[in-house]
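J.: Input structure: upload.cif, which contains mmCIF, C-alpha atoms.
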data_run
#
loop_
_atom_site.label_atom_id
_atom_site.label_comp_id
_atom_site.auth_asym_id
_atom_site.auth_seq_id
_atom_site.Cartn_x
_atom_site.Cartn_y
_atom_site.Cartn_z
CA MET A 26 129.98 98.78 98.41
CA THR A 27 129.61 97.41 101.93
CA ALA A 28 133.33 96.88 102.47
CA THR A 29 133.71 99.54 105.15
CA LEU A 30 131.02 98.32 107.53
CA PRO A 31 132.36 97.00 110.85
CA LEU A 32 131.44 93.62 112.25
CA TRP A 33 129.10 94.92 114.98
CA VAL A 34 126.88 96.29 112.22
CA THR A 35 126.92 93.43 109.74
CA ILE A 36 125.99 90.58 112.11
CA PRO A 37 122.85 92.11 113.70
CA GLY A 38 122.02 93.87 110.44
CA THR A 39 122.06 90.61 108.50
CA VAL A 40 119.96 88.79 111.09
CA LEU A 41 117.41 91.62 111.26
CA LEU A 42 117.17 91.93 107.47
CA VAL A 43 116.55 88.19 107.00
CA LEU A 44 113.95 88.30 109.78
CA ALA A 45 112.24 91.29 108.15
CA GLY A 46 112.20 89.61 104.73
CA LEU A 47 110.73 86.36 106.04
CA THR A 48 108.10 88.19 108.10
CA THR A 49 107.07 90.33 105.14
CA LEU A 50 106.77 87.25 102.94
CA ILE A 51 104.68 85.30 105.47
CA GLY A 52 102.42 88.30 106.10
CA SER A 53 101.82 88.89 102.40
CA PHE A 54 100.96 85.24 101.80
CA GLY A 55 98.52 85.54 104.69
CA LEU A 56 96.98 88.53 102.94
CA LEU A 57 96.70 86.50 99.76
CA ARG A 58 95.54 83.10 101.03
CA LEU A 59 93.36 83.55 104.12
CA PRO A 60 89.63 82.99 103.58
CA ASP A 61 87.81 86.10 104.83
CA PHE A 62 88.54 89.75 105.51
CA PHE A 63 88.79 89.59 109.29
CA SER A 64 91.49 86.93 109.16
CA ARG A 65 93.20 88.67 106.24
CA MET A 66 93.76 91.71 108.46
CA HIS A 67 96.30 89.78 110.55
CA GLY A 68 98.77 89.31 107.71
CA PRO A 69 99.84 92.91 106.99
CA SER A 70 100.00 93.73 110.70
CA MET A 71 103.04 91.44 110.87
CA THR A 72 104.65 93.64 108.23
CA ASN A 73 103.61 96.76 110.14
CA THR A 74 105.16 95.69 113.43
CA LEU A 75 107.98 93.17 113.24
CA ALA A 76 109.29 93.68 109.69
CA ALA A 77 109.16 97.48 109.90
CA GLY A 78 110.85 97.45 113.32
CA ALA A 79 113.62 95.09 112.21
CA THR A 80 114.30 97.03 109.00
CA LEU A 81 114.37 100.34 110.85
CA VAL A 82 116.79 99.07 113.52
CA SER A 83 119.03 97.65 110.79
CA SER A 84 118.91 100.95 108.89
CA MET A 85 119.73 102.79 112.10
CA LEU A 86 122.79 100.59 112.63
CA VAL A 87 124.02 101.06 109.06
CA SER A 88 123.59 104.83 108.97
CA SER A 89 125.24 105.15 112.39
CA ALA A 90 128.22 103.16 111.12
CA ILE A 91 128.47 105.30 107.98
CA ALA A 92 128.28 108.64 109.80
CA GLU A 93 130.41 107.35 112.74
CA ARG A 94 127.99 108.87 115.25
CA PRO A 95 124.65 107.68 116.63
CA ILE A 96 121.81 108.46 114.21
CA ILE A 97 118.30 107.96 115.54
CA HIS A 98 116.22 109.61 112.80
CA GLU A 99 114.60 106.24 112.05
CA LEU A 100 112.89 106.33 115.44
CA LEU A 101 110.55 108.90 113.86
CA ILE A 102 109.28 106.34 111.34
CA THR A 103 109.09 103.66 114.05
CA LEU A 104 107.01 105.94 116.27
CA PHE A 105 104.75 106.99 113.42
CA VAL A 106 104.16 103.47 112.11
CA SER A 107 103.51 102.07 115.57
CA VAL A 108 100.98 104.85 116.23
CA SER A 109 99.24 104.75 112.84
CA ALA A 110 98.94 100.98 112.25
CA PRO A 111 96.33 100.30 115.03
CA ILE A 112 94.30 103.35 113.96
CA THR A 113 94.22 102.09 110.36
CA GLY A 114 93.26 98.61 111.57
CA ILE A 115 90.43 99.87 113.76
CA MET A 116 88.98 102.10 111.03
CA LEU A 117 89.11 99.34 108.39
CA LEU A 118 87.53 96.92 110.86
CA GLN A 119 84.69 99.34 111.59
CA ALA A 120 84.13 99.87 107.87
CA ALA A 121 84.07 96.11 107.20
CA LEU A 122 81.67 95.44 110.08
CA TYR A 123 79.35 98.23 108.93
CA ARG A 124 79.37 97.08 105.32
CA ASN A 125 78.77 93.42 106.26
CA LYS A 126 75.85 94.41 108.47
CA ALA A 127 74.37 96.67 105.77
CA ARG A 128 74.66 93.91 103.16
CA ARG A 129 73.10 91.32 105.47
CA SER A 130 70.13 93.55 106.30
CA ASP A 131 69.69 94.21 102.57
CA ASP A 132 69.58 90.46 101.93
CA VAL A 133 67.07 89.92 104.75
CA SER A 134 64.77 92.68 103.51
CA ALA A 135 65.02 91.38 99.94
CA GLU A 136 64.07 87.88 101.08
CA GLY A 137 61.22 89.32 103.10
CA ASN A 138 59.93 91.14 100.04
CA SER A 139 60.20 88.12 97.77
CA THR A 140 58.34 85.71 100.07
CA MET B 14 131.13 89.33 106.21
CA SER B 15 130.13 92.36 104.15
CA ALA B 16 129.25 90.06 101.28
CA VAL B 17 126.83 88.28 103.59
CA PHE B 18 125.24 91.62 104.42
CA GLY B 19 124.84 92.30 100.69
CA TYR B 20 123.16 88.93 100.24
CA ALA B 21 120.84 89.71 103.17
CA LEU B 22 119.90 93.03 101.55
CA TRP B 23 119.19 91.21 98.27
CA PHE B 24 117.08 88.61 100.10
CA ALA B 25 115.06 91.25 101.93
CA GLN B 26 114.45 93.19 98.71
CA ALA B 27 113.32 90.03 96.90
CA CYS B 28 110.93 89.15 99.76
CA ILE B 29 109.48 92.66 99.78
CA ALA B 30 109.02 92.57 96.00
CA ILE B 31 107.14 89.26 96.23
CA ALA B 32 105.04 90.76 99.03
CA MET B 33 104.15 93.74 96.85
CA LEU B 34 103.15 91.38 94.02
CA ASN B 35 100.90 89.48 96.44
CA GLY B 36 99.35 92.78 97.50
CA ILE B 37 98.69 93.68 93.85
CA VAL B 38 97.01 90.31 93.27
CA ARG B 39 94.83 90.82 96.35
CA MET B 40 93.94 94.31 95.17
CA TYR B 41 92.90 92.85 91.79
CA ILE B 42 90.85 89.87 93.00
CA GLY B 43 89.65 91.38 96.29
CA PRO B 44 85.97 90.51 96.67
CA ALA B 45 85.04 93.64 98.63
CA ALA B 46 86.23 97.23 98.73
CA GLN B 47 87.77 96.85 102.19
CA ASP B 48 90.04 94.09 100.88
CA ARG B 49 91.36 96.49 98.27
CA VAL B 50 91.99 99.17 100.90
CA LEU B 51 93.82 96.62 103.05
CA ALA B 52 95.94 95.63 100.02
CA PHE B 53 96.74 99.32 99.45
CA ASP B 54 97.83 99.62 103.08
CA SER B 55 100.06 96.58 102.72
CA ILE B 56 101.56 97.85 99.43
CA TYR B 57 102.55 101.25 100.79
CA MET B 58 104.10 99.71 103.89
CA ASN B 59 106.11 97.35 101.66
CA GLY B 60 107.15 100.30 99.50
CA MET B 61 108.43 102.08 102.60
CA LEU B 62 110.47 99.02 103.61
CA MET B 63 111.80 98.75 100.04
CA LEU B 64 112.96 102.37 100.13
CA LEU B 65 114.72 101.75 103.47
CA THR B 66 116.57 98.73 102.08
CA LEU B 67 117.50 100.70 98.96
CA GLY B 68 118.89 103.43 101.21
CA MET B 69 120.95 100.83 103.06
CA SER B 70 122.33 99.32 99.88
CA SER B 71 123.25 102.69 98.35
CA MET B 72 124.47 104.14 101.68
CA SER B 73 122.62 107.38 101.10
CA THR B 74 120.40 109.28 103.54
CA ALA B 75 118.03 110.73 100.91
CA TYR B 76 115.84 107.61 100.97
CA PHE B 77 114.93 108.15 104.62
CA ASP B 78 112.91 111.30 103.88
CA MET B 79 111.04 109.51 101.09
CA ALA B 80 110.22 106.65 103.46
CA LEU B 81 108.92 109.08 106.09
CA LEU B 82 106.74 110.87 103.51
CA ILE B 83 105.37 107.57 102.20
CA ALA B 84 104.45 106.50 105.75
CA LEU B 85 102.70 109.84 106.35
CA PHE B 86 100.71 110.07 103.13
CA GLY B 87 99.89 106.37 103.08
CA PHE B 88 98.36 106.67 106.53
CA VAL B 89 96.31 109.69 105.46
CA GLY B 90 95.12 107.89 102.33
CA THR B 91 94.13 104.72 104.16
CA VAL B 92 92.22 106.65 106.83
CA ALA B 93 90.41 108.67 104.15
CA LEU B 94 89.43 105.52 102.24
CA ALA B 95 88.25 103.74 105.40
CA LYS B 96 86.22 106.80 106.37
CA PHE B 97 84.69 106.83 102.90
CA LEU B 98 83.75 103.16 103.20
CA LEU B 99 82.24 103.77 106.62
CA ARG B 100 80.27 106.95 106.00
CA GLY B 101 80.02 107.53 102.27
CA GLU B 102 81.97 110.79 102.44
CA VAL B 103 85.35 111.75 103.78
CA ILE B 104 84.74 115.10 105.47
CA GLU B 105 81.35 115.32 107.08
CA PRO B 106 79.58 118.66 107.12
#
Once more with this new file: its structure as structure tokens, please.

T.:
Amino acid sequence: MTATLPLWVTIPGTVLLVLAGLTTLIGSFGLLRLPDFFSRMHGPSMTNTLAAGATLVSSMLVSSAIAERPIIHELLITLFVSVSAPITGIMLLQAALYRNKARRSDDVSAEGNST
Amino acid sequence: MSAVFGYALWFAQACIAIAMLNGIVRMYIGPAAQDRVLAFDSIYMNGMLMLLTLGMSSMSTAYFDMALLIALFGFVGTVALAKFLLRGEVIEP
């Protein structure tokens, strides 16, 4: 299956794939274990930046070795992910802040009514 | 050396699968709606990485287009859900 890949692809490809796997695993456990939403946001951003970048560079190396010419299509995904991940983070953060504030003011008004 | 690359592909796929399972658990137990949207974001990014590793292991270029489409539509879906959480409707009049 991977018998035809040259050595300059397999060594950096292996290192980048192991790095991407470990980063994805650590980020997902952060998503699962951290206590509140604002600290949980930091976990998947590791996946969005380092793991996606490492996997895309590794995929670029492998497809360039298969086609025997430089293939840089994966830069499209890299560009798109690096542009879209901060936008997603900012919008989710605004939504969480708004919803926390709305819930807190609801609690305060409910306590004010009860007392 | 190529066998080591195959093991690295297997390792990365196993890590991404465990990450997707963690995202599913967070989507199930998530205390608020924004946690579920964050879990959805994480799951589609892991699915994109899984498709890229599948494309590397099968040495085909068809997986790249699927990964690009998943990145595009996942971003649109997450932005729409976050906008819905923020405003109550997606497209404001």

J.: Using the chain letters and numbers from this file, what does the PyMOL selection byres ((chain A) within 8 of (chain B)) select? Give the answer as number ranges by chain.

T.: A: 26-28, 30, 32, 35-36, 38-39, 42-43, 45-47, 49-50, 52-54, 56-57, 62, 66, 69, 72-73, 77, 80-81, 84, 87-88, 91, 99, 101-102, 105-106, 109, 113, 116-117, 119-121, 123-124

J.: What gap, in Å, lies between atom CA of Arg65 of chain A and atom CA of Ile51 of chain A?

T.: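 Atom-to-atom, atom CA of Arg65 of chain A to atom CA of Ile51 of chain A, that is 12.0 Å.
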
J.: Between atom CA of Tyr41 of chain B and atom CA of Phe63 of chain A, measure the distance and give it in Å to one decimal.

T.: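 The value is 18.3 Å.
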
J.: Report the distance between atom CA of Leu64 of chain B and atom CA of Met79 of chain B in Å, rounded to one decimal place.

T.: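 Computed distance, atom CA of Leu64 of chain B to atom CA of Met79 of chain B, equals 7.5 Å.
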